[in-house]
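Undergrad: Okay, so here is entry.cif, and as you'll see once you scroll down, it has mmCIF, C-alpha atoms.
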```
data_structure
loop_
_atom_site.label_atom_id
_atom_site.label_comp_id
_atom_site.auth_asym_id
_atom_site.auth_seq_id
_atom_site.Cartn_x
_atom_site.Cartn_y
_atom_site.Cartn_z
CA MET A 1 -15.95 -12.62 -42.21
CA LEU A 2 -16.31 -15.46 -44.64
CA ILE A 3 -18.20 -18.34 -43.05
CA LEU A 4 -18.01 -21.80 -44.62
CA SER A 5 -19.64 -25.05 -43.53
CA ARG A 6 -17.31 -28.04 -43.50
CA LYS A 7 -17.62 -31.67 -42.43
CA PRO A 8 -14.84 -33.61 -40.71
CA GLY A 9 -12.27 -34.55 -43.30
CA GLU A 10 -13.07 -31.55 -45.47
CA SER A 11 -10.68 -28.67 -46.00
CA ILE A 12 -10.34 -25.04 -46.88
CA VAL A 13 -7.49 -23.76 -49.03
CA ILE A 14 -6.18 -20.26 -48.37
CA ASP A 15 -3.98 -18.49 -50.87
CA GLY A 16 -3.25 -21.78 -52.60
CA ARG A 17 -0.73 -22.76 -49.95
CA ILE A 18 -2.46 -22.99 -46.60
CA VAL A 19 -4.83 -25.90 -46.04
CA VAL A 20 -7.11 -25.96 -43.01
CA THR A 21 -8.75 -29.34 -42.44
CA VAL A 22 -11.47 -30.16 -39.94
CA ILE A 23 -10.13 -33.39 -38.43
CA ARG A 24 -12.96 -34.28 -36.06
CA LEU A 25 -15.62 -33.01 -33.74
CA ASP A 26 -15.52 -33.99 -30.09
CA GLY A 27 -18.36 -32.39 -28.14
CA GLU A 28 -17.59 -28.68 -28.11
CA MET A 29 -14.06 -29.21 -29.40
CA VAL A 30 -13.15 -29.04 -33.04
CA LYS A 31 -9.81 -30.54 -34.03
CA VAL A 32 -8.32 -28.59 -36.90
CA GLY A 33 -5.25 -29.50 -38.93
CA ILE A 34 -3.28 -26.75 -40.61
CA SER A 35 -0.73 -27.24 -43.38
CA ALA A 36 1.15 -24.07 -44.13
CA PRO A 37 4.57 -23.14 -45.47
CA ARG A 38 7.02 -22.78 -42.64
CA GLU A 39 7.33 -19.03 -43.13
CA VAL A 40 3.68 -18.70 -42.14
CA PRO A 41 3.42 -18.52 -38.34
CA VAL A 42 0.40 -20.32 -36.93
CA HIS A 43 -0.61 -19.79 -33.31
CA ARG A 44 -3.59 -20.31 -31.06
CA GLN A 45 -5.07 -16.86 -30.81
CA GLU A 46 -5.14 -16.64 -27.00
CA VAL A 47 -1.51 -17.72 -26.50
CA TYR A 48 -0.42 -15.36 -29.23
CA ASP A 49 -2.36 -12.49 -27.66
CA GLU A 50 -1.01 -12.99 -24.15
CA ILE A 51 2.61 -13.26 -25.28
CA GLN A 52 2.17 -10.21 -27.46
CA ARG A 53 0.75 -8.26 -24.52
CA ASN A 54 3.57 -9.47 -22.30
CA ASN A 55 6.16 -8.29 -24.85
CA VAL A 56 4.59 -4.85 -24.95
CA GLU A 57 4.69 -4.66 -21.15
CA ALA A 58 8.30 -5.87 -21.05
CA LEU A 59 9.70 -3.25 -23.41
CA THR A 60 11.96 -0.82 -21.54
CA GLU A 61 13.33 2.59 -22.38
CA ASN A 62 16.84 3.72 -21.55
CA ARG A 63 17.73 0.47 -19.88
CA PRO A 64 16.63 0.96 -16.27
CA ARG A 65 18.66 -0.29 -13.33
CA ILE A 66 17.99 -3.97 -12.67
CA PRO A 67 17.02 -4.83 -9.08
CA ARG A 68 18.86 -7.72 -7.44
CA PHE A 69 17.21 -11.08 -8.01
CA VAL A 70 18.05 -14.60 -7.01
CA THR A 71 19.33 -16.42 -10.10
CA LYS A 72 20.95 -19.77 -10.68
CA GLN A 73 24.31 -18.43 -11.81
CA SER A 74 26.82 -16.90 -9.53
CA SER A 75 28.74 -14.28 -11.41
CA ALA A 76 31.85 -15.28 -9.49
CA THR A 77 31.92 -18.76 -11.00
CA HIS A 78 30.50 -18.05 -14.44
CA ARG A 79 32.48 -15.12 -15.76
CA LYS A 80 31.39 -15.78 -19.31
CA PRO A 81 30.26 -12.72 -21.23
CA ALA A 82 27.51 -12.95 -23.82
CA PRO A 83 29.77 -12.76 -26.88
CA ALA A 84 31.17 -16.17 -26.02
CA LEU A 85 27.67 -17.59 -26.21
CA LEU A 86 26.99 -16.33 -29.68
CA GLY A 87 28.49 -16.84 -33.07
CA HIS A 88 31.64 -18.67 -32.17
CA MET B 1 31.16 -5.92 -36.72
CA ILE B 2 28.80 -3.03 -36.34
CA THR B 3 29.07 -0.23 -33.89
CA ALA B 4 25.70 0.64 -32.50
CA GLU B 5 24.91 4.12 -31.44
CA MET B 6 25.19 4.37 -27.68
CA THR B 7 22.92 6.27 -25.39
CA GLU B 8 24.44 9.03 -23.34
CA THR B 9 24.27 7.01 -20.17
CA GLU B 10 25.99 4.10 -21.84
CA THR B 11 28.90 2.88 -19.77
CA CYS B 12 30.54 1.26 -22.78
CA GLN B 13 31.01 -2.05 -21.01
CA THR B 14 28.95 -3.78 -23.61
CA GLU B 15 30.77 -5.77 -26.23
CA ALA B 16 28.31 -7.86 -28.14
CA ARG B 17 27.59 -6.05 -31.35
CA ASP B 18 26.55 -8.99 -33.44
CA ILE B 19 23.22 -8.38 -35.08
CA ILE B 20 20.56 -10.93 -34.31
CA ARG B 21 17.99 -11.08 -37.06
CA LEU B 22 14.41 -12.02 -36.29
CA PRO B 23 12.63 -12.39 -39.65
CA PHE B 24 9.25 -12.25 -37.86
CA GLY B 25 10.25 -9.76 -35.20
CA LEU B 26 8.86 -10.29 -31.71
CA LEU B 27 5.13 -10.74 -31.20
CA GLY B 28 3.70 -7.25 -31.11
CA PHE B 29 6.90 -5.87 -32.66
CA GLU B 30 6.79 -7.67 -35.98
CA HIS B 31 8.32 -4.74 -37.85
CA VAL B 32 11.49 -4.68 -35.73
CA LYS B 33 13.71 -7.37 -37.15
CA GLN B 34 17.24 -6.54 -36.01
CA TYR B 35 18.52 -6.60 -32.46
CA ILE B 36 21.81 -6.62 -30.66
CA LEU B 37 22.51 -8.36 -27.39
CA LEU B 38 24.23 -6.20 -24.80
CA ALA B 39 25.88 -7.82 -21.83
CA ASN B 40 27.36 -6.07 -18.85
CA PRO B 41 29.18 -8.33 -16.36
CA ALA B 42 27.67 -6.36 -13.49
CA GLU B 43 24.20 -7.30 -14.70
CA GLU B 44 24.78 -11.03 -15.18
CA PRO B 45 22.89 -13.19 -15.95
CA PHE B 46 20.63 -10.53 -17.40
CA MET B 47 21.28 -8.99 -20.79
CA TRP B 48 19.61 -6.37 -22.95
CA PHE B 49 18.04 -7.35 -26.24
CA GLN B 50 18.16 -3.97 -27.85
CA MET B 51 16.54 -2.78 -31.04
CA LEU B 52 19.36 -2.05 -33.48
CA ASP B 53 17.69 1.04 -34.89
CA ASP B 54 16.29 2.40 -31.65
CA VAL B 55 18.98 2.33 -28.98
CA LYS B 56 16.64 3.49 -26.25
CA ARG B 57 14.34 0.52 -26.55
CA ALA B 58 15.36 -2.84 -25.23
CA PHE B 59 14.00 -5.97 -23.64
CA LEU B 60 15.61 -7.38 -20.55
CA VAL B 61 16.37 -11.04 -21.19
CA ALA B 62 18.00 -13.94 -19.39
CA PRO B 63 19.07 -17.44 -20.39
CA PRO B 64 16.52 -19.86 -18.94
CA ALA B 65 19.20 -21.88 -17.15
CA SER B 66 19.76 -18.83 -14.95
CA ILE B 67 16.08 -18.74 -13.98
CA VAL B 68 14.80 -22.31 -13.70
CA SER B 69 16.69 -25.56 -13.32
CA ASP B 70 14.37 -27.90 -15.20
CA TYR B 71 13.40 -26.04 -18.36
CA GLN B 72 12.63 -28.45 -21.17
CA PRO B 73 11.33 -26.37 -24.04
CA ASP B 74 9.61 -28.39 -26.75
CA ILE B 75 10.32 -26.60 -30.02
CA SER B 76 8.31 -27.80 -33.02
CA ASP B 77 10.04 -29.38 -36.02
CA ASP B 78 8.85 -26.49 -38.18
CA GLU B 79 10.63 -24.00 -35.93
CA VAL B 80 13.73 -26.20 -35.83
CA ASP B 81 13.72 -26.31 -39.64
CA PHE B 82 13.12 -22.60 -39.95
CA LEU B 83 15.98 -21.79 -37.59
CA GLU B 84 18.17 -24.47 -39.22
CA LEU B 85 19.05 -25.95 -35.87
CA ALA B 86 21.12 -28.96 -36.86
CA ASP B 87 21.94 -29.70 -33.25
CA PRO B 88 20.29 -28.72 -29.96
CA ALA B 89 23.58 -27.05 -29.04
CA ASP B 90 23.02 -24.59 -31.91
CA ALA B 91 20.09 -23.08 -30.04
CA PHE B 92 20.66 -20.18 -27.72
CA LEU B 93 17.60 -19.31 -25.66
CA LEU B 94 16.67 -15.99 -24.14
CA ASN B 95 13.60 -15.43 -22.04
CA ILE B 96 12.04 -12.00 -21.79
CA VAL B 97 11.95 -10.45 -18.32
CA THR B 98 9.25 -7.94 -17.34
CA LEU B 99 10.34 -5.39 -14.75
CA ASN B 100 7.34 -4.13 -12.82
CA ARG B 101 7.03 -0.68 -11.34
CA ASN B 102 7.07 -2.04 -7.80
CA GLY B 103 10.51 -3.57 -8.35
CA SER B 104 9.29 -7.13 -8.88
CA ALA B 105 9.95 -9.00 -12.09
CA THR B 106 8.58 -11.94 -14.01
CA VAL B 107 9.97 -14.08 -16.81
CA ASN B 108 8.13 -15.38 -19.86
CA LEU B 109 8.85 -19.11 -20.03
CA LYS B 110 6.14 -19.85 -22.62
CA GLY B 111 7.65 -17.97 -25.55
CA PRO B 112 11.45 -17.81 -25.48
CA ILE B 113 13.51 -16.14 -28.17
CA VAL B 114 15.42 -18.97 -29.83
CA VAL B 115 18.57 -17.94 -31.69
CA ASN B 116 20.72 -20.14 -33.88
CA ARG B 117 24.14 -19.21 -32.57
CA ARG B 118 25.79 -20.10 -35.90
CA THR B 119 23.54 -18.00 -38.14
CA LEU B 120 22.32 -15.47 -35.54
CA ILE B 121 18.82 -15.91 -36.94
CA GLY B 122 16.21 -16.03 -34.23
CA LYS B 123 12.53 -16.28 -33.58
CA GLN B 124 10.20 -15.93 -30.66
CA VAL B 125 8.87 -19.45 -30.41
CA ILE B 126 5.66 -20.43 -28.70
CA LEU B 127 6.64 -23.76 -27.19
CA ASN B 128 4.67 -26.90 -27.96
CA ASN B 129 4.60 -27.44 -24.20
CA ALA B 130 3.83 -23.79 -23.42
CA ALA B 131 0.87 -24.93 -21.29
CA GLN B 132 3.22 -26.28 -18.62
CA TYR B 133 5.18 -23.04 -18.26
CA SER B 134 4.27 -19.67 -16.84
CA LEU B 135 4.09 -16.47 -18.81
CA HIS B 136 4.79 -14.65 -15.54
CA HIS B 137 7.36 -16.76 -13.70
CA PRO B 138 8.27 -14.63 -10.66
CA LEU B 139 11.85 -13.72 -9.85
CA THR B 140 12.74 -13.58 -6.18
CA ALA B 141 14.35 -10.40 -4.91
CA SER B 142 17.68 -10.83 -3.14
#
```
The structure in this file should be written as structure tokens.

TA:
Amino acid sequence: MLILSRKPGESIVIDGRIVVTVIRLDGEMVKVGISAPREVPVHRQEVYDEIQRNNVEALTENRPRIPRFVTKQSSATHRKPAPALLGH
Amino acid sequence: MITAEMTETETCQTEARDIIRLPFGLLGFEHVKQYILLANPAEEPFMWFQMLDDVKRAFLVAPPASIVSDYQPDISDDEVDFLELADPADAFLLNIVTLNRNGSATVNLKGPIVVNRRTLIGKQVILNNAAQYSLHHPLTAS
């Protein structure tokens, strides 16, 4: 791992298009600003990791039967299939 | 219109064959970029977000309005630009449901799949206000 020392206000350029700037230090917290092209996803590592893990757990095979759950829509009053929701 | 290969147990009630493209895939499934949304009236409000090229593999999803009444997802400007959402009404949200072995289920409210219903381009978005929502919002059995 490359380790660089930076002062608040100083930056690091990655690949000529991503700029990471140390904004300020506040006790143990470091505020970091990131400028990146919009096709570059930027996430906090821990949120990214937990959502990724959740996705892996949520994947199903052969579409299992769905147990009955309480939901906000009654199928009797909202007979609107998915195709109507997309690409109209 | 594309006809997806159906599994043998398929009841053929599904109609939505429009391909939803996720240029970044889902987190953990970055290489899978094309999905179709399968809806069966008997399963409302749940739907299956199925991998186009792997008909056996699907995520159970639900629109957030069917799960919680006060969902106010804060989607960053960058995501709005990327998805070309000119109007909030362009956004179609799906939240991933996890079915547990014991029959319980939870819904991810932190990272919905946001689809532009005009372009059918989507992305799993980590909300700016993800901290106020649960990754494991429990569904109540009925």

Undergrad: If you take all atoms listed in the file and a cut-off of 7 Å, which residues of chain B touch chain A, and what are their nearest atom pairs and distances in Å to one decimal, in chain and number order, as a tab-separated table?

TA:
```
residue	atom	partner	partner_atom	distance
B:Ala16	CA	A:Pro83	CA	5.3
B:Leu27	CA	A:Gln52	CA	4.8
B:Gly28	CA	A:Gln52	CA	4.9
B:Ala39	CA	A:Ala82	CA	5.7
B:Pro41	CA	A:Pro81	CA	6.6
B:Glu44	CA	A:Ser75	CA	6.4
B:Pro45	CA	A:Gln73	CA	6.8
B:Lys56	CA	A:Asn62	CA	4.7
B:Arg57	CA	A:Glu61	CA	4.8
B:Ala58	CA	A:Thr60	CA	5.4
B:Phe59	CA	A:Leu59	CA	5.1
B:Ser66	CA	A:Lys72	CA	4.5
B:Ile67	CA	A:Thr71	CA	5.6
B:Asp78	CA	A:Arg38	CA	6.1
B:Phe82	CA	A:Arg38	CA	6.7
B:Val97	CA	A:Ala58	CA	6.5
B:Thr98	CA	A:Ala58	CA	4.4
B:Leu99	CA	A:Ala58	CA	6.6
B:Gly103	CA	A:Pro67	CA	6.7
B:Gly111	CA	A:Ile51	CA	6.9
B:Arg117	CA	A:Leu86	CA	5.0
B:Arg118	CA	A:Gly87	CA	5.1
B:Leu120	CA	A:Gly87	CA	6.8
B:Leu139	CA	A:Phe69	CA	6.3
B:Thr140	CA	A:Phe69	CA	5.4
B:Ala141	CA	A:Phe69	CA	4.3
B:Ser142	CA	A:Phe69	CA	4.9
```

Undergrad: With C-alpha atoms kept, could you save the residues just selected as a PDB file, in the frame of the given file?

TA:
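File produced: part-v4.pdb:
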```pdb
ATOM      1  CA  ALA B  16      28.310  -7.860 -28.140  1.00  0.00           C
ATOM      2  CA  LEU B  27       5.130 -10.740 -31.200  1.00  0.00           C
ATOM      3  CA  GLY B  28       3.700  -7.250 -31.110  1.00  0.00           C
ATOM      4  CA  ALA B  39      25.880  -7.820 -21.830  1.00  0.00           C
ATOM      5  CA  PRO B  41      29.180  -8.330 -16.360  1.00  0.00           C
ATOM      6  CA  GLU B  44      24.780 -11.030 -15.180  1.00  0.00           C
ATOM      7  CA  PRO B  45      22.890 -13.190 -15.950  1.00  0.00           C
ATOM      8  CA  LYS B  56      16.640   3.490 -26.250  1.00  0.00           C
ATOM      9  CA  ARG B  57      14.340   0.520 -26.550  1.00  0.00           C
ATOM     10  CA  ALA B  58      15.360  -2.840 -25.230  1.00  0.00           C
ATOM     11  CA  PHE B  59      14.000  -5.970 -23.640  1.00  0.00           C
ATOM     12  CA  SER B  66      19.760 -18.830 -14.950  1.00  0.00           C
ATOM     13  CA  ILE B  67      16.080 -18.740 -13.980  1.00  0.00           C
ATOM     14  CA  ASP B  78       8.850 -26.490 -38.180  1.00  0.00           C
ATOM     15  CA  PHE B  82      13.120 -22.600 -39.950  1.00  0.00           C
ATOM     16  CA  VAL B  97      11.950 -10.450 -18.320  1.00  0.00           C
ATOM     17  CA  THR B  98       9.250  -7.940 -17.340  1.00  0.00           C
ATOM     18  CA  LEU B  99      10.340  -5.390 -14.750  1.00  0.00           C
ATOM     19  CA  GLY B 103      10.510  -3.570  -8.350  1.00  0.00           C
ATOM     20  CA  GLY B 111       7.650 -17.970 -25.550  1.00  0.00           C
ATOM     21  CA  ARG B 117      24.140 -19.210 -32.570  1.00  0.00           C
ATOM     22  CA  ARG B 118      25.790 -20.100 -35.900  1.00  0.00           C
ATOM     23  CA  LEU B 120      22.320 -15.470 -35.540  1.00  0.00           C
ATOM     24  CA  LEU B 139      11.850 -13.720  -9.850  1.00  0.00           C
ATOM     25  CA  THR B 140      12.740 -13.580  -6.180  1.00  0.00           C
ATOM     26  CA  ALA B 141      14.350 -10.400  -4.910  1.00  0.00           C
ATOM     27  CA  SER B 142      17.680 -10.830  -3.140  1.00  0.00           C
TER      28      SER B 142
END
```

Undergrad: Between CA of Asp18 (chain B) and CA of Leu37 (chain B), what is the distance in Å, rounded to a tenth?

TA: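 Pair CA of Asp18 (chain B) / CA of Leu37 (chain B) returns 7.3 Å.
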
Undergrad: List as a PyMOL selection string the protein and nucleic acid residues near Asn129 (chain B), meaning an atom at most 8 Å away when all atoms listed in the file are counted, but skip any in the same chain fewer than 3 places from it.

TA: chain B and resi 73-74+110+132-133

Undergrad: Between B:Trp48, B:Gln72, B:Asn116, B:Val61, which residue has the minimum interatomic distance to Ile96 (chain B), considering all atoms listed in the file?

TA: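 Comparing B:Trp48, B:Gln72, B:Asn116, B:Val61 against Ile96 (chain B), the winner is B:Val61.
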
Undergrad: What does the distance from CA of Arg21 (chain B) to CA of Gln34 (chain B) come to in Å, to one decimal?

TA: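 The value is 4.7 Å.
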
Undergrad: Can you work out which one of A:Met1, A:Glu46, A:Glu10, A:Val22 has the shortest atom-to-atom distance to Ile34 (chain A), counting only C-alpha atoms?

TA: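 Closest to Ile34 (chain A) of all the choices is A:Val22.
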
Undergrad: Using all atoms listed in the file, which of the listed residues (B:Met47, B:Val114, B:Leu109, B:Ile36) sits closest to Leu135 (chain B)?

TA: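 Going through B:Met47, B:Val114, B:Leu109, B:Ile36 one by one, the smallest distance to Leu135 (chain B) is for B:Leu109.
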
Undergrad: Using the chain letters and numbering of this document, enumerate as number ranges by chain the residues selected by the PyMOL selection byres ((chain B and resi 81) around 12).

TA: A: 37-39; B: 75-80, 82-88, 91, 116, 121-123

Undergrad: Nearest to Gly16 (chain A) among A:Ala36, A:Val30, A:Gln45, A:Leu2, with distances taken over all atoms listed in the file: which residue is it?

TA: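 Selected residue with least distance to Gly16 (chain A): A:Ala36.
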
Undergrad: Every residue with an atom at most 7 Å from (12.4, -13.7, -33.4) (file coordinates; all atoms listed in the file) is what I'm after, so could you write them as a PyMOL selection string?

TA: chain B and resi 22-26+113+122-124

Undergrad: Using the chain letters and numbering of this document, enumerate as a ChimeraX atom specification the residues selected by the PyMOL selection byres ((chain A and resi 6) around 12).

TA: /A:3-5,7-12,20-25,30,32

Undergrad: Give me, please, the distance in Å between CA of Leu38 (chain B) and CA of Pro64 (chain B), quoted to one decimal.

TA: 16.7 Å

Undergrad: Do you know which residues the PyMOL selection byres ((chain B and resi 136) around 8) returns on this file, as a VMD selection string?

TA: chain B and resid 106 to 109 134 to 135 137 to 138

Undergrad: Could those residues be written to a file, using C-alpha atoms, as a PDB file, in the frame of the given file?

TA:
```pdb
ATOM      1  CA  THR B 106       8.580 -11.940 -14.010  1.00  0.00           C
ATOM      2  CA  VAL B 107       9.970 -14.080 -16.810  1.00  0.00           C
ATOM      3  CA  ASN B 108       8.130 -15.380 -19.860  1.00  0.00           C
ATOM      4  CA  LEU B 109       8.850 -19.110 -20.030  1.00  0.00           C
ATOM      5  CA  SER B 134       4.270 -19.670 -16.840  1.00  0.00           C
ATOM      6  CA  LEU B 135       4.090 -16.470 -18.810  1.00  0.00           C
ATOM      7  CA  HIS B 137       7.360 -16.760 -13.700  1.00  0.00           C
ATOM      8  CA  PRO B 138       8.270 -14.630 -10.660  1.00  0.00           C
TER       9      PRO B 138
END
```

Undergrad: For a quick check of understanding, using all atoms listed in the file, which of B:Ser104, B:Phe92, B:Tyr35, B:Asn40 has the smallest distance to Ala65 (chain B)?

TA: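 Counting all atoms listed in the file, the residue closest to Ala65 (chain B) is B:Phe92.
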